[in-house]
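To start, the structure under review is shown below, and the notes come after it.
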Amino acid sequence: QVQLVESGGGLVQAGGSLRLSCAASGTIFSIRVMGWYRQAPGKQRDLVARITTGGSTSYADSVKGRFTISRDNAKNTVYLQMNSLKPEDTAVYYCYVIPSIDVFWGQGTQVTVSS
């Protein structure tokens, strides 16, 4: 089993920054993919960013140039640096990891951006 613990959410004004962290623990040999989804009230959960073991990244168009995903393989931790935040970034952010095939989810952390 894999457990994920997220941190770093909160309330920030538009134009501000936040950094999310997600640490994985449990029976882990390696993690093929790590990433973040977000879900705003009344909307579906959408992919924000993902990163592979080798460092390849992909982003949702809405966050390109503002968000940066990174990972520390030694710590089994993924980060999401969010800059130039907008009110439309307000959502619950969920980290996920795919060690091999199964997907494991974090509990979610609230990000609120005020205008």
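By order in the structure tokens, chains are A, B, ...; within a chain, residues start at 1; ligands start at 1, following the order shown.
Near Ser58 of chain A, within 7 Å and counting only C-alpha atoms, sit Ala49, Arg50 and Ile51 of chain A, not including residues fewer than 3 positions from it in the same chain.
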### Task
Show which residues sit within 10 Å of Glu88 of chain A, as a PyMOL selection string. Count only C-alpha atoms, and ignore same-chain residues fewer than 6 positions away.
chain A and resi 14+40+62+112-115
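Distances to Pro99 of chain A were evaluated for A:Ile31, A:Ala74, A:Leu47, A:Leu85 using only C-alpha atoms, and the minimum falls at A:Ile31.
Counting from atom CA of Gly26 of chain A, the distance to atom CA of Gly54 of chain A is 21.3 Å.
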Exercise for the section: Using DSSP on the backbone coordinates, identify the residues of chain A assigned to strand (DSSP E); present them as a ChimeraX atom specification. Expected result: /A:2-7,10-13,18-26,33-39,45-52,57-59,67-72,77-82,91-98,104-105,109-114
Across A:Lys86, A:Gly16, A:Gln3, A:Trp36, the smallest distance to Tyr59 of chain A, with only C-alpha atoms counted, is shown by A:Trp36
